[in-house]
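The file data_29.txt contains compact mmCIF, N, CA and C atoms:
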```txt
# COMPACT_ATOMS: atom_id res chain seq x y z
N MET A 1 0.86 -1.16 0.00
CA MET A 1 0.00 0.00 0.00
C MET A 1 0.91 1.23 0.00
N THR A 2 0.71 2.13 -0.93
CA THR A 2 1.56 3.30 -1.07
C THR A 2 0.75 4.58 -0.91
N VAL A 3 1.31 5.52 -0.18
CA VAL A 3 0.71 6.85 -0.07
C VAL A 3 1.78 7.87 -0.42
N ARG A 4 1.36 9.00 -0.95
CA ARG A 4 2.33 9.99 -1.42
C ARG A 4 2.88 10.82 -0.26
N ARG A 5 4.04 11.37 -0.50
CA ARG A 5 4.72 12.22 0.49
C ARG A 5 3.98 13.55 0.62
N ARG A 6 3.90 14.06 1.83
CA ARG A 6 3.24 15.35 2.05
C ARG A 6 4.11 16.34 2.80
N ALA A 7 4.67 15.96 3.92
CA ALA A 7 5.35 16.93 4.78
C ALA A 7 6.56 16.30 5.44
N HIS A 8 7.39 17.13 6.02
CA HIS A 8 8.51 16.63 6.83
C HIS A 8 8.05 16.62 8.29
N ILE A 9 8.08 15.45 8.91
CA ILE A 9 7.57 15.26 10.27
C ILE A 9 8.74 14.89 11.20
N SER A 10 8.76 15.46 12.39
CA SER A 10 9.73 15.08 13.41
C SER A 10 9.25 13.81 14.09
N LEU A 11 9.89 12.71 13.78
CA LEU A 11 9.49 11.43 14.38
C LEU A 11 9.73 11.42 15.88
N GLU A 12 10.78 12.08 16.33
CA GLU A 12 11.08 12.15 17.76
C GLU A 12 9.95 12.81 18.53
N ALA A 13 9.26 13.77 17.92
CA ALA A 13 8.13 14.44 18.58
C ALA A 13 6.92 13.53 18.73
N LEU A 14 6.82 12.49 17.89
CA LEU A 14 5.69 11.56 17.99
C LEU A 14 5.87 10.56 19.13
N ARG A 15 7.11 10.28 19.49
CA ARG A 15 7.39 9.28 20.52
C ARG A 15 6.62 9.51 21.82
N PRO A 16 6.70 10.69 22.45
CA PRO A 16 5.99 10.87 23.73
C PRO A 16 4.47 10.79 23.58
N LEU A 17 3.95 11.21 22.44
CA LEU A 17 2.50 11.11 22.22
C LEU A 17 2.05 9.65 22.24
N LEU A 18 2.83 8.79 21.63
CA LEU A 18 2.49 7.37 21.58
C LEU A 18 2.76 6.69 22.92
N GLU A 19 3.93 6.93 23.49
CA GLU A 19 4.28 6.27 24.76
C GLU A 19 3.31 6.63 25.87
N SER A 20 2.81 7.85 25.88
CA SER A 20 1.86 8.24 26.93
C SER A 20 0.51 7.55 26.78
N ASN A 21 0.29 6.92 25.62
CA ASN A 21 -0.95 6.17 25.39
C ASN A 21 -0.71 4.66 25.35
N GLY A 22 0.42 4.21 25.89
CA GLY A 22 0.67 2.79 26.05
C GLY A 22 1.34 2.09 24.88
N TRP A 23 1.80 2.82 23.88
CA TRP A 23 2.49 2.21 22.74
C TRP A 23 3.95 1.98 23.10
N ASP A 24 4.52 0.85 22.62
CA ASP A 24 5.96 0.60 22.72
C ASP A 24 6.57 1.14 21.43
N VAL A 25 7.53 2.06 21.56
CA VAL A 25 8.05 2.80 20.41
C VAL A 25 9.53 2.52 20.20
N SER A 26 9.91 2.31 18.94
CA SER A 26 11.32 2.29 18.55
C SER A 26 11.50 3.29 17.42
N LEU A 27 12.69 3.85 17.35
CA LEU A 27 12.93 4.92 16.40
C LEU A 27 14.30 4.77 15.78
N ASP A 28 14.33 4.75 14.45
CA ASP A 28 15.57 4.83 13.69
C ASP A 28 15.26 5.69 12.47
N GLU A 29 15.37 5.16 11.27
CA GLU A 29 14.96 5.92 10.08
C GLU A 29 13.45 6.10 10.01
N THR A 30 12.73 5.17 10.64
CA THR A 30 11.28 5.25 10.74
C THR A 30 10.89 5.05 12.19
N LEU A 31 9.69 5.44 12.51
CA LEU A 31 9.13 5.19 13.83
C LEU A 31 8.28 3.93 13.73
N LYS A 32 8.50 3.01 14.66
CA LYS A 32 7.68 1.80 14.73
C LYS A 32 7.12 1.73 16.14
N ALA A 33 5.81 1.49 16.22
CA ALA A 33 5.17 1.44 17.53
C ALA A 33 4.19 0.28 17.57
N ASP A 34 4.14 -0.40 18.71
CA ASP A 34 3.26 -1.55 18.89
C ASP A 34 2.35 -1.33 20.08
N PHE A 35 1.13 -1.83 19.94
CA PHE A 35 0.12 -1.70 20.98
C PHE A 35 -0.80 -2.91 20.87
N GLN A 36 -1.27 -3.39 22.00
CA GLN A 36 -2.21 -4.51 22.00
C GLN A 36 -3.31 -4.24 23.00
N ASP A 37 -4.55 -4.53 22.59
CA ASP A 37 -5.68 -4.48 23.50
C ASP A 37 -6.63 -5.62 23.13
N ALA A 38 -7.81 -5.61 23.68
CA ALA A 38 -8.76 -6.70 23.45
C ALA A 38 -9.21 -6.79 21.99
N THR A 39 -9.03 -5.73 21.22
CA THR A 39 -9.48 -5.73 19.82
C THR A 39 -8.41 -6.18 18.85
N GLY A 40 -7.18 -6.37 19.32
CA GLY A 40 -6.13 -6.86 18.43
C GLY A 40 -4.75 -6.30 18.74
N LYS A 41 -3.81 -6.67 17.88
CA LYS A 41 -2.45 -6.16 17.94
C LYS A 41 -2.31 -5.11 16.86
N TYR A 42 -1.67 -4.00 17.20
CA TYR A 42 -1.51 -2.89 16.27
C TYR A 42 -0.03 -2.61 16.06
N ARG A 43 0.35 -2.34 14.82
CA ARG A 43 1.71 -1.92 14.48
C ARG A 43 1.58 -0.63 13.66
N LEU A 44 2.18 0.43 14.16
CA LEU A 44 2.18 1.72 13.49
C LEU A 44 3.58 1.97 12.95
N ILE A 45 3.67 2.40 11.70
CA ILE A 45 4.94 2.80 11.11
C ILE A 45 4.74 4.19 10.53
N ALA A 46 5.65 5.11 10.87
CA ALA A 46 5.59 6.47 10.35
C ALA A 46 6.98 6.84 9.83
N ASP A 47 7.01 7.60 8.75
CA ASP A 47 8.29 8.08 8.25
C ASP A 47 8.33 9.61 8.28
N LYS A 48 9.51 10.15 8.09
CA LYS A 48 9.69 11.60 8.20
C LYS A 48 8.97 12.38 7.11
N ASP A 49 8.50 11.69 6.06
CA ASP A 49 7.75 12.35 4.99
C ASP A 49 6.26 12.44 5.27
N GLY A 50 5.85 12.04 6.47
CA GLY A 50 4.45 12.17 6.87
C GLY A 50 3.58 10.98 6.51
N ARG A 51 4.18 9.91 6.00
CA ARG A 51 3.39 8.72 5.67
C ARG A 51 3.20 7.89 6.94
N ILE A 52 1.97 7.42 7.14
CA ILE A 52 1.63 6.63 8.32
C ILE A 52 0.90 5.36 7.87
N TYR A 53 1.34 4.25 8.40
CA TYR A 53 0.73 2.95 8.11
C TYR A 53 0.32 2.30 9.43
N LEU A 54 -0.87 1.79 9.48
CA LEU A 54 -1.36 1.08 10.66
C LEU A 54 -1.79 -0.31 10.23
N ARG A 55 -1.27 -1.32 10.92
CA ARG A 55 -1.69 -2.71 10.68
C ARG A 55 -2.32 -3.24 11.95
N ARG A 56 -3.51 -3.80 11.79
CA ARG A 56 -4.21 -4.45 12.90
C ARG A 56 -4.29 -5.94 12.60
N THR A 57 -3.89 -6.74 13.56
CA THR A 57 -3.98 -8.19 13.44
C THR A 57 -4.87 -8.69 14.56
N SER A 58 -5.88 -9.47 14.20
CA SER A 58 -6.81 -9.99 15.21
C SER A 58 -7.31 -11.36 14.77
N LEU A 59 -7.94 -12.04 15.69
CA LEU A 59 -8.55 -13.32 15.36
C LEU A 59 -9.84 -13.08 14.60
N ALA A 60 -10.00 -13.77 13.48
CA ALA A 60 -11.23 -13.64 12.69
C ALA A 60 -12.33 -14.52 13.28
N ALA A 61 -11.94 -15.54 14.00
CA ALA A 61 -12.89 -16.45 14.63
C ALA A 61 -12.21 -17.06 15.86
N LYS A 62 -13.00 -17.61 16.74
CA LYS A 62 -12.43 -18.26 17.92
C LYS A 62 -11.58 -19.45 17.47
N PRO A 63 -10.45 -19.67 18.15
CA PRO A 63 -9.63 -20.82 17.81
C PRO A 63 -10.41 -22.12 18.00
N ARG A 64 -10.16 -23.05 17.11
CA ARG A 64 -10.80 -24.36 17.21
C ARG A 64 -9.72 -25.41 17.45
N GLY A 65 -10.01 -26.29 18.37
CA GLY A 65 -9.04 -27.33 18.70
C GLY A 65 -9.67 -28.71 18.71
N LYS A 66 -8.84 -29.69 18.47
CA LYS A 66 -9.31 -31.07 18.56
C LYS A 66 -8.13 -31.97 18.88
N MET A 67 -8.46 -33.13 19.40
CA MET A 67 -7.46 -34.14 19.71
C MET A 67 -7.61 -35.28 18.70
N ILE A 68 -6.48 -35.78 18.25
CA ILE A 68 -6.47 -36.89 17.30
C ILE A 68 -5.59 -37.99 17.89
N GLN A 69 -6.05 -39.19 17.80
CA GLN A 69 -5.27 -40.35 18.20
C GLN A 69 -4.79 -41.05 16.93
N LYS A 70 -3.50 -41.30 16.87
CA LYS A 70 -2.96 -42.00 15.71
C LYS A 70 -1.81 -42.89 16.18
N GLU A 71 -1.97 -44.16 15.94
CA GLU A 71 -0.97 -45.16 16.30
C GLU A 71 -0.52 -45.03 17.75
N GLY A 72 -1.51 -44.87 18.64
CA GLY A 72 -1.25 -44.83 20.07
C GLY A 72 -0.72 -43.50 20.60
N ARG A 73 -0.60 -42.51 19.76
CA ARG A 73 -0.11 -41.19 20.19
C ARG A 73 -1.22 -40.17 20.06
N SER A 74 -1.31 -39.25 21.04
CA SER A 74 -2.29 -38.17 21.00
C SER A 74 -1.66 -36.92 20.40
N TYR A 75 -2.42 -36.27 19.52
CA TYR A 75 -1.98 -35.01 18.91
C TYR A 75 -3.05 -33.95 19.16
N ALA A 76 -2.63 -32.81 19.67
CA ALA A 76 -3.54 -31.68 19.84
C ALA A 76 -3.35 -30.76 18.63
N ILE A 77 -4.45 -30.46 17.96
CA ILE A 77 -4.41 -29.60 16.78
C ILE A 77 -5.28 -28.38 17.04
N GLN A 78 -4.70 -27.20 16.83
CA GLN A 78 -5.46 -25.96 17.00
C GLN A 78 -5.40 -25.17 15.69
N THR A 79 -6.56 -24.64 15.29
CA THR A 79 -6.66 -23.85 14.07
C THR A 79 -7.15 -22.46 14.44
N GLU A 80 -6.44 -21.45 13.94
CA GLU A 80 -6.83 -20.07 14.14
C GLU A 80 -6.90 -19.36 12.80
N SER A 81 -7.91 -18.51 12.63
CA SER A 81 -8.03 -17.67 11.44
C SER A 81 -7.68 -16.25 11.85
N ILE A 82 -6.73 -15.66 11.14
CA ILE A 82 -6.24 -14.33 11.47
C ILE A 82 -6.75 -13.32 10.44
N LEU A 83 -7.17 -12.15 10.93
CA LEU A 83 -7.58 -11.04 10.09
C LEU A 83 -6.50 -9.97 10.16
N ILE A 84 -6.01 -9.54 9.00
CA ILE A 84 -5.01 -8.47 8.94
C ILE A 84 -5.61 -7.31 8.16
N GLN A 85 -5.55 -6.13 8.77
CA GLN A 85 -6.06 -4.92 8.12
C GLN A 85 -4.92 -3.91 8.04
N ASP A 86 -4.76 -3.29 6.88
CA ASP A 86 -3.78 -2.23 6.69
C ASP A 86 -4.49 -0.94 6.32
N ILE A 87 -4.10 0.14 6.98
CA ILE A 87 -4.65 1.47 6.70
C ILE A 87 -3.46 2.40 6.52
N ALA A 88 -3.50 3.24 5.50
CA ALA A 88 -2.40 4.16 5.24
C ALA A 88 -2.94 5.55 4.94
N THR A 89 -2.18 6.57 5.34
CA THR A 89 -2.53 7.96 5.03
C THR A 89 -1.27 8.80 5.15
N THR A 90 -1.41 10.09 4.96
CA THR A 90 -0.29 11.02 5.14
C THR A 90 -0.73 12.21 5.98
N LEU A 91 0.24 12.81 6.64
CA LEU A 91 0.00 14.01 7.44
C LEU A 91 0.52 15.23 6.69
N ASP A 92 -0.18 16.33 6.83
CA ASP A 92 0.32 17.62 6.34
C ASP A 92 1.19 18.28 7.40
N SER A 93 0.91 17.98 8.67
CA SER A 93 1.72 18.53 9.77
C SER A 93 1.59 17.60 10.98
N ILE A 94 2.52 17.75 11.91
CA ILE A 94 2.51 16.92 13.11
C ILE A 94 1.27 17.19 13.97
N ASP A 95 0.70 18.37 13.84
CA ASP A 95 -0.50 18.71 14.62
C ASP A 95 -1.68 17.81 14.31
N GLU A 96 -1.66 17.15 13.16
CA GLU A 96 -2.75 16.26 12.76
C GLU A 96 -2.60 14.84 13.31
N PHE A 97 -1.45 14.55 13.92
CA PHE A 97 -1.14 13.17 14.26
C PHE A 97 -2.15 12.52 15.20
N SER A 98 -2.44 13.12 16.33
CA SER A 98 -3.32 12.49 17.32
C SER A 98 -4.70 12.19 16.74
N GLN A 99 -5.29 13.16 16.07
CA GLN A 99 -6.61 12.97 15.47
C GLN A 99 -6.57 11.91 14.36
N THR A 100 -5.52 11.93 13.56
CA THR A 100 -5.40 10.98 12.46
C THR A 100 -5.24 9.55 12.99
N LEU A 101 -4.40 9.37 14.00
CA LEU A 101 -4.22 8.05 14.60
C LEU A 101 -5.53 7.56 15.20
N SER A 102 -6.24 8.42 15.90
CA SER A 102 -7.53 8.05 16.47
C SER A 102 -8.50 7.58 15.38
N GLU A 103 -8.53 8.31 14.28
CA GLU A 103 -9.41 7.94 13.17
C GLU A 103 -9.00 6.61 12.53
N MET A 104 -7.70 6.40 12.39
CA MET A 104 -7.21 5.14 11.82
C MET A 104 -7.60 3.95 12.71
N LEU A 105 -7.46 4.12 14.02
CA LEU A 105 -7.85 3.05 14.95
C LEU A 105 -9.35 2.79 14.88
N SER A 106 -10.14 3.84 14.79
CA SER A 106 -11.59 3.68 14.67
C SER A 106 -11.96 2.96 13.38
N LEU A 107 -11.32 3.32 12.29
CA LEU A 107 -11.58 2.66 11.01
C LEU A 107 -11.23 1.17 11.06
N ALA A 108 -10.12 0.85 11.69
CA ALA A 108 -9.70 -0.55 11.80
C ALA A 108 -10.72 -1.35 12.62
N ARG A 109 -11.16 -0.78 13.73
CA ARG A 109 -12.13 -1.48 14.58
C ARG A 109 -13.49 -1.57 13.91
N LEU A 110 -13.89 -0.52 13.21
CA LEU A 110 -15.18 -0.52 12.52
C LEU A 110 -15.18 -1.52 11.37
N SER A 111 -14.13 -1.53 10.59
CA SER A 111 -14.11 -2.44 9.45
C SER A 111 -14.03 -3.90 9.90
N SER A 112 -13.47 -4.16 11.08
CA SER A 112 -13.45 -5.55 11.56
C SER A 112 -14.86 -5.99 11.95
N LYS A 113 -15.68 -5.06 12.44
CA LYS A 113 -17.08 -5.40 12.75
C LYS A 113 -17.83 -5.71 11.46
N ASP A 114 -17.54 -4.96 10.40
CA ASP A 114 -18.17 -5.22 9.09
C ASP A 114 -17.78 -6.60 8.58
N GLN A 115 -16.51 -7.01 8.81
CA GLN A 115 -16.04 -8.31 8.35
C GLN A 115 -16.72 -9.47 9.07
N SER A 116 -17.06 -9.24 10.35
CA SER A 116 -17.63 -10.34 11.14
C SER A 116 -19.13 -10.51 10.91
N GLN A 117 -19.76 -9.60 10.19
CA GLN A 117 -21.20 -9.72 9.96
C GLN A 117 -21.50 -10.45 8.68
```

What does this structure look like when you write it as structure tokens?
Amino acid sequence: MTVRRRAHISLEALRPLLESNGWDVSLDETLKADFQDATGKYRLIADKDGRIYLRRTSLAAKPRGKMIQKEGRSYAIQTESILIQDIATTLDSIDEFSQTLSEMLSLARLSSKDQSQ
């Protein structure tokens, strides 16, 4: 998923905004932040050109398990279906970051409800 460049963003300025909301942040050429709650695991990637990518990974259905007996040995088998959602956008300025991230999280959670219906 590609989005066009818009602005020069200070990635270091985004760190405290994310950390104060429970995100684990690493910073090099890009900012990478991870967060997990009951709705899934989130990975945020931002670059200095204002591009922001959010990936949400969650279970699409409850895990299913079963036991199989074969030649006197028991095997436990578990199957999980994973839903991955990617959302991308760009910022014109750092002032848009908090509102944009909030909207991206809302879109990810809303679209997962659409998928489950």

Which residues come within 6 Å of range 38-54 of chain A, counting only C-alpha atoms, excluding same-chain residues fewer than 2 positions away, as a ChimeraX atom specification?
/A:5-9,30-36,56-58,86-91

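Distance-wise, atom N of Leu17 in chain A and CA of Phe97 in chain A end up 9.8 Å apart.
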
Pull the strand (DSSP E) assignments for range 58-115 of chain A out of DSSP run on the backbone, and list those residues as a ChimeraX atom specification.
/A:58-59,64-70,73-79,82-90

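One finds atom N of Arg55 in chain A at 11.2 Å from atom C of Glu103 in chain A.
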
For atom N of Ala108 in chain A and atom N of Ala13 in chain A, determine how far apart the two atoms are, in Å to one decimal place.
24.1 Å

Could you give me, as a list in words, the residues within 9 Å of Ile82 in chain A, counting only C-alpha atoms and dropping anything in the same chain fewer than 2 positions from it?
Thr57, Ser58, Leu59, Ala60, Ala61, Glu80 and Ile84 of chain A

Write out as a VMD selection string which residues come within 9 Å of Lys66 in chain A when counting only C-alpha atoms, dropping same-chain ones fewer than 2 positions away.
chain A and resid 64 68 75 to 79

Those of range 3-107 of chain A in DSSP helix (DSSP H, G or I), formatted as a PyMOL selection string:
chain A and resi 11-19+94-107

Step by step, gather every atom of range 95-112 of chain A that the file lists, find the box along x, y and z that holds them, add 5 Å on each side, and finally give centre and edge lengths in Å to one decimal, as AutoDock Vina command-line options.
```
--center_x -7.2 --center_y 6.4 --center_z 13.4 --size_x 25.9 --size_y 34.7 --size_z 17.9
```
